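Okay, model.cif is below, mmCIF, C-alpha atoms:
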```cif
data_entry
loop_
_atom_site.group_PDB
_atom_site.id
_atom_site.type_symbol
_atom_site.label_atom_id
_atom_site.label_comp_id
_atom_site.auth_asym_id
_atom_site.auth_seq_id
_atom_site.Cartn_x
_atom_site.Cartn_y
_atom_site.Cartn_z
ATOM 1 C CA MET C 172 83.083 126.696 81.272
ATOM 2 C CA ASN C 173 85.282 124.651 78.975
ATOM 3 C CA ILE C 174 87.524 122.115 80.787
ATOM 4 C CA ASN C 175 90.054 120.307 78.644
ATOM 5 C CA LYS C 176 90.542 116.538 78.843
ATOM 6 C CA PRO C 177 93.923 116.558 80.709
ATOM 7 C CA SER C 178 92.469 118.815 83.420
ATOM 8 C CA MET C 179 89.399 116.617 83.738
ATOM 9 C CA LEU C 180 91.600 113.509 84.011
ATOM 10 C CA LEU C 181 93.736 115.109 86.750
ATOM 11 C CA MET C 182 90.644 116.190 88.693
ATOM 12 C CA SER C 183 89.205 112.672 88.403
ATOM 13 C CA ILE C 184 92.440 111.082 89.641
ATOM 14 C CA ALA C 185 92.605 113.542 92.540
ATOM 15 C CA ALA C 186 89.000 112.792 93.505
ATOM 16 C CA ILE C 187 89.616 109.032 93.417
ATOM 17 C CA LEU C 188 92.763 109.399 95.532
ATOM 18 C CA LEU C 189 90.873 111.470 98.098
ATOM 19 C CA LEU C 190 88.149 108.840 98.305
ATOM 20 C CA VAL C 191 90.640 105.981 98.647
ATOM 21 C CA CYS C 192 92.690 107.807 101.304
ATOM 22 C CA GLY C 193 89.570 108.828 103.177
ATOM 23 C CA GLY C 194 88.343 105.252 103.180
ATOM 24 C CA PHE C 195 91.757 103.956 104.294
ATOM 25 C CA PHE C 196 91.875 106.210 107.351
ATOM 26 C CA THR C 197 88.158 105.786 108.134
ATOM 27 C CA MET C 198 88.649 102.013 108.284
ATOM 28 C CA GLY C 199 91.514 102.296 110.808
ATOM 29 C CA GLY C 200 94.390 102.690 108.382
ATOM 30 C CA ILE C 201 97.725 103.899 109.759
ATOM 31 C CA VAL C 202 100.799 105.062 107.865
ATOM 32 C CA ASN C 203 103.991 104.214 109.745
ATOM 33 C CA THR C 204 107.181 106.077 108.892
ATOM 34 C CA ARG C 205 108.978 105.378 112.187
ATOM 35 C CA SER C 206 111.709 102.815 112.649
ATOM 36 C CA THR C 207 110.293 100.980 115.697
ATOM 37 C CA ILE C 208 108.358 98.639 113.395
ATOM 38 C CA PRO C 209 108.783 98.174 109.641
ATOM 39 C CA THR C 210 107.583 101.216 107.688
ATOM 40 C CA GLY C 211 104.417 100.823 105.674
ATOM 41 C CA LEU C 212 100.645 100.811 105.746
ATOM 42 C CA TYR C 213 98.911 99.187 108.708
ATOM 43 C CA ARG C 214 95.329 98.645 109.780
ATOM 44 C CA LYS C 215 93.684 98.246 113.150
ATOM 45 C CA VAL C 216 92.357 94.739 113.736
ATOM 46 C CA ASP C 217 90.101 93.165 116.336
ATOM 47 C CA GLU C 218 92.573 90.588 117.653
ATOM 48 C CA PRO C 219 93.668 89.649 121.158
ATOM 49 C CA LEU C 220 96.722 91.250 122.703
ATOM 50 C CA THR C 221 99.268 88.429 122.395
ATOM 51 C CA ILE C 222 103.031 88.166 122.250
ATOM 52 C CA GLY C 223 104.385 89.113 118.838
ATOM 53 C CA LYS C 224 101.459 91.393 117.920
ATOM 54 C CA ILE C 225 102.176 94.997 116.976
ATOM 55 C CA VAL C 226 100.193 97.586 118.907
ATOM 56 C CA VAL C 227 99.465 101.301 118.871
ATOM 57 C CA PHE C 228 99.481 102.885 122.305
ATOM 58 C CA CYS C 229 99.396 106.252 124.012
ATOM 59 C CA PRO C 230 102.339 106.721 126.367
ATOM 60 C CA PRO C 231 101.460 107.269 130.018
ATOM 61 C CA ASN C 232 102.418 110.593 131.574
ATOM 62 C CA LYS C 233 105.551 109.348 133.330
ATOM 63 C CA PRO C 234 108.988 110.988 133.635
ATOM 64 C CA GLU C 235 110.574 108.524 131.158
ATOM 65 C CA PHE C 236 108.096 109.501 128.451
ATOM 66 C CA GLN C 237 108.291 113.223 129.258
ATOM 67 C CA ALA C 238 112.093 113.111 128.949
ATOM 68 C CA ALA C 239 111.804 111.163 125.660
ATOM 69 C CA ARG C 240 109.415 113.792 124.287
ATOM 70 C CA ASP C 241 111.752 116.591 125.429
ATOM 71 C CA ARG C 242 114.673 115.064 123.510
ATOM 72 C CA GLY C 243 112.579 114.227 120.436
ATOM 73 C CA ALA C 244 112.306 110.431 120.795
ATOM 74 C CA ILE C 245 108.510 110.894 121.014
ATOM 75 C CA LYS C 246 106.777 113.681 119.149
ATOM 76 C CA PRO C 247 103.995 115.816 120.600
ATOM 77 C CA GLY C 248 100.633 114.559 119.421
ATOM 78 C CA SER C 249 96.995 113.759 119.977
ATOM 79 C CA CYS C 250 97.335 111.373 122.920
ATOM 80 C CA PRO C 251 96.624 112.678 126.415
ATOM 81 C CA ASP C 252 99.339 114.924 127.849
ATOM 82 C CA ASN C 253 100.435 115.914 124.326
ATOM 83 C CA PHE C 254 102.223 112.671 123.404
ATOM 84 C CA ASP C 255 102.115 111.155 119.931
ATOM 85 C CA ASN C 256 101.044 107.530 119.785
ATOM 86 C CA MET C 257 103.729 104.862 119.536
ATOM 87 C CA MET C 258 103.895 101.505 117.742
ATOM 88 C CA LEU C 259 105.777 98.564 119.209
ATOM 89 C CA LYS C 260 105.583 94.789 119.448
ATOM 90 C CA VAL C 261 104.295 92.898 122.497
ATOM 91 C CA ALA C 262 107.342 91.140 123.950
ATOM 92 C CA ALA C 263 105.900 89.944 127.264
ATOM 93 C CA LYS C 264 102.598 89.838 129.113
ATOM 94 C CA TYR C 265 100.888 88.277 132.129
ATOM 95 C CA LYS C 266 103.098 85.830 134.081
ATOM 96 C CA ASN C 267 106.123 86.308 131.803
ATOM 97 C CA LYS C 268 109.314 87.093 133.697
ATOM 98 C CA VAL C 269 111.330 90.091 132.533
ATOM 99 C CA THR C 270 114.881 91.138 133.329
ATOM 100 C CA ILE C 271 116.271 94.433 132.019
ATOM 101 C CA ASN C 272 119.938 95.195 132.589
ATOM 102 C CA ASP C 273 123.078 96.352 130.764
ATOM 103 C CA SER C 274 123.044 93.208 128.591
ATOM 104 C CA GLY C 275 119.539 93.810 127.283
ATOM 105 C CA VAL C 276 116.012 92.581 127.861
ATOM 106 C CA MET C 277 115.370 88.978 128.775
ATOM 107 C CA VAL C 278 111.878 87.503 128.606
ATOM 108 C CA ASN C 279 111.600 84.154 130.377
ATOM 109 C CA ASP C 280 115.420 83.914 130.357
ATOM 110 C CA VAL C 281 115.681 84.460 126.570
ATOM 111 C CA LEU C 282 117.498 87.580 125.344
ATOM 112 C CA TYR C 283 115.225 89.732 123.193
ATOM 113 C CA PRO C 284 116.870 90.674 119.838
ATOM 114 C CA GLN C 285 118.528 94.088 119.546
ATOM 115 C CA SER C 286 117.619 94.998 123.126
ATOM 116 C CA LYS C 287 120.916 96.100 124.653
ATOM 117 C CA PRO C 288 120.271 99.594 126.051
ATOM 118 C CA LEU C 289 122.336 102.463 124.703
ATOM 119 C CA ALA C 290 124.220 104.720 127.107
ATOM 120 C CA GLN C 291 123.335 107.819 125.105
ATOM 121 C CA ASP C 292 121.053 108.953 122.286
ATOM 122 C CA ARG C 293 122.127 110.099 118.800
ATOM 123 C CA GLU C 294 122.896 113.599 120.109
ATOM 124 C CA GLY C 295 125.146 112.227 122.872
ATOM 125 C CA ARG C 296 122.692 112.792 125.735
ATOM 126 C CA VAL C 297 122.721 110.219 128.526
ATOM 127 C CA ILE C 298 119.724 107.892 128.537
ATOM 128 C CA PRO C 299 118.660 106.805 132.034
ATOM 129 C CA LYS C 300 119.068 103.079 132.646
ATOM 130 C CA LEU C 301 116.234 100.896 133.805
ATOM 131 C CA LYS C 302 116.764 97.772 135.889
ATOM 132 C CA LEU C 303 114.301 94.952 136.425
ATOM 133 C CA ASP C 304 115.294 91.608 137.858
ATOM 134 C CA ASN C 305 113.114 88.613 137.061
ATOM 135 C CA TYR C 306 109.958 90.717 137.349
ATOM 136 C CA GLU C 307 106.747 88.740 136.787
ATOM 137 C CA LEU C 308 104.222 90.769 134.809
ATOM 138 C CA LYS C 309 100.807 91.262 136.339
ATOM 139 C CA GLU C 310 97.578 90.643 134.435
ATOM 140 C CA ASN C 311 97.255 94.306 133.425
ATOM 141 C CA GLU C 312 100.878 94.775 132.253
ATOM 142 C CA VAL C 313 102.733 94.335 128.957
ATOM 143 C CA LEU C 314 106.299 94.893 127.839
ATOM 144 C CA LEU C 315 106.551 96.544 124.420
ATOM 145 C CA MET C 316 109.714 96.320 122.330
ATOM 146 C CA SER C 317 111.099 96.935 118.872
ATOM 147 C CA ASP C 318 112.920 94.160 117.080
ATOM 148 C CA SER C 319 113.425 96.304 113.975
ATOM 149 C CA ASN C 320 115.869 98.832 115.364
ATOM 150 C CA ASP C 321 118.463 98.682 118.140
ATOM 151 C CA ASP C 322 118.084 102.358 119.085
ATOM 152 C CA SER C 323 114.297 102.549 119.453
ATOM 153 C CA PHE C 324 112.720 104.082 122.528
ATOM 154 C CA ASP C 325 111.000 100.990 123.896
ATOM 155 C CA GLY C 326 110.499 98.908 127.035
ATOM 156 C CA ARG C 327 114.216 98.688 127.783
ATOM 157 C CA TYR C 328 113.979 102.381 128.750
ATOM 158 C CA PHE C 329 110.440 102.692 130.151
ATOM 159 C CA GLY C 330 109.671 99.196 131.453
ATOM 160 C CA VAL C 331 106.204 97.695 131.492
ATOM 161 C CA ILE C 332 103.024 99.631 130.821
ATOM 162 C CA ASP C 333 99.391 99.112 131.684
ATOM 163 C CA VAL C 334 97.371 97.347 128.964
ATOM 164 C CA GLY C 335 94.877 100.230 129.253
ATOM 165 C CA GLN C 336 97.390 102.395 127.375
ATOM 166 C CA VAL C 337 97.083 100.142 124.302
ATOM 167 C CA ASP C 338 94.714 101.559 121.698
ATOM 168 C CA SER C 339 94.680 98.663 119.274
ATOM 169 C CA VAL C 340 96.434 95.732 117.684
ATOM 170 C CA ILE C 341 97.602 96.480 114.139
ATOM 171 C CA ARG C 342 98.885 94.452 111.245
ATOM 172 C CA PRO C 343 100.271 95.263 107.793
ATOM 173 C CA PHE C 344 97.497 96.503 105.519
ATOM 174 C CA LEU C 345 97.713 93.684 102.990
ATOM 175 C CA GLN C 346 98.083 90.879 105.508
#
```
This structure in structure tokens:
Amino acid sequence: MNINKPSMLLMSIAAILLLVCGGFFTMGGIVNTRSTIPTGLYRKVDEPLTIGKIVVFCPPNKPEFQAARDRGAIKPGSCPDNFDNMMLKVAAKYKNKVTINDSGVMVNDVLYPQSKPLAQDREGRVIPKLKLDNYELKENEVLLMSDSNDDSFDGRYFGVIDVGQVDSVIRPFLQ
């Protein structure tokens, strides 16, 4: 069989790309195309769950998440109960005090950026409002938010979640 040089070059490039991509995903690489955190390549890291860290988590099977999946804010996926995983930033954790109201999300009396809840989604459907008043997070709870997008489905709509839902801390691939 006679393979010309351009074909051999293309096959070599394809093989290298497959190896690189395979290695990327095998080592915990994640491609983010959603708007809840900046788009790009991320990697799972062995770091503590602290405020400001970005995490990947599987949504719990609660009515807020079911409704979000039904209207397309969460896609079906590989997490339990057919949810796709989500990526958000840790905004509050153990002993932090959280208030969620029509003005937005306050953590320890400081307004979280871009956190004012919307009355309706992009298709005009009403989004249920969540209210918390000076709620002190328990040891097993975190509040996850987006500071990249003011219309993300985040803690302002679903409240706090159990830390057991968090799969891993992630950071940008080249950081």
Neighbours of point (104.4, 95.0, 109.0) within 7 Å, using all atoms listed in the file, written as a JSON list (two decimals) with C-alpha atoms, in the coordinates of the input:
```
[["chain", "number", "residue", "atom", "x", "y", "z"],
["C", 208, "ILE", "CA", 108.36, 98.64, 113.40],
["C", 209, "PRO", "CA", 108.78, 98.17, 109.64],
["C", 211, "GLY", "CA", 104.42, 100.82, 105.67],
["C", 213, "TYR", "CA", 98.91, 99.19, 108.71],
["C", 342, "ARG", "CA", 98.88, 94.45, 111.24],
["C", 343, "PRO", "CA", 100.27, 95.26, 107.79]]
```
A straight line from atom CA of C:Ser323 to atom CA of C:Thr207 spans 5.7 Å
I need the residue set behind the PyMOL selection byres ((chain C and resi 264-274) around 9) for this file; please write it as a PyMOL selection string.
chain C and resi 220-222+261-263+275-280+282+286-289+300-314+326-328+330-331
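Here atom CA of C:Phe228 and atom CA of C:Pro251 stand 11.0 Å from one another.
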Pick from C:Phe254, C:Tyr283, C:Phe344, C:Phe236 nearest to C:Pro299, counting only C-alpha atoms
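The closest residue to C:Pro299 is C:Phe236.
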For a test of reading the model, state the distance in Å between atom CA of C:Ser249 and atom CA of C:Pro231, rounded to one decimal.
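Distance between the two atoms: 12.8 Å.
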One residue among C:Ala244, C:Met316, C:Ile332, C:Val226 is nearest to C:Glu294 when using only C-alpha atoms, and that residue is C:Ala244
Could you tell me, as a PyMOL selection string, exactly which residues end up selected when the PyMOL selection byres ((chain C and resi 292) around 10) is applied to this structure?
chain C and resi 242+244+289-291+293-298+322-324
Hey, what comes out of the PyMOL selection byres ((chain C and resi 230) around 10) on this file? Could you write it as an MDAnalysis selection string?
chainID C and resid 227:229 231:233 235:237 245 250:257 329 332:333 336:337
Under the rule that all atoms listed in the file are counted, which of C:Val340, C:Asp325, C:Asp318, C:Val334 is the nearest residue to C:Ala239?
C:Asp325
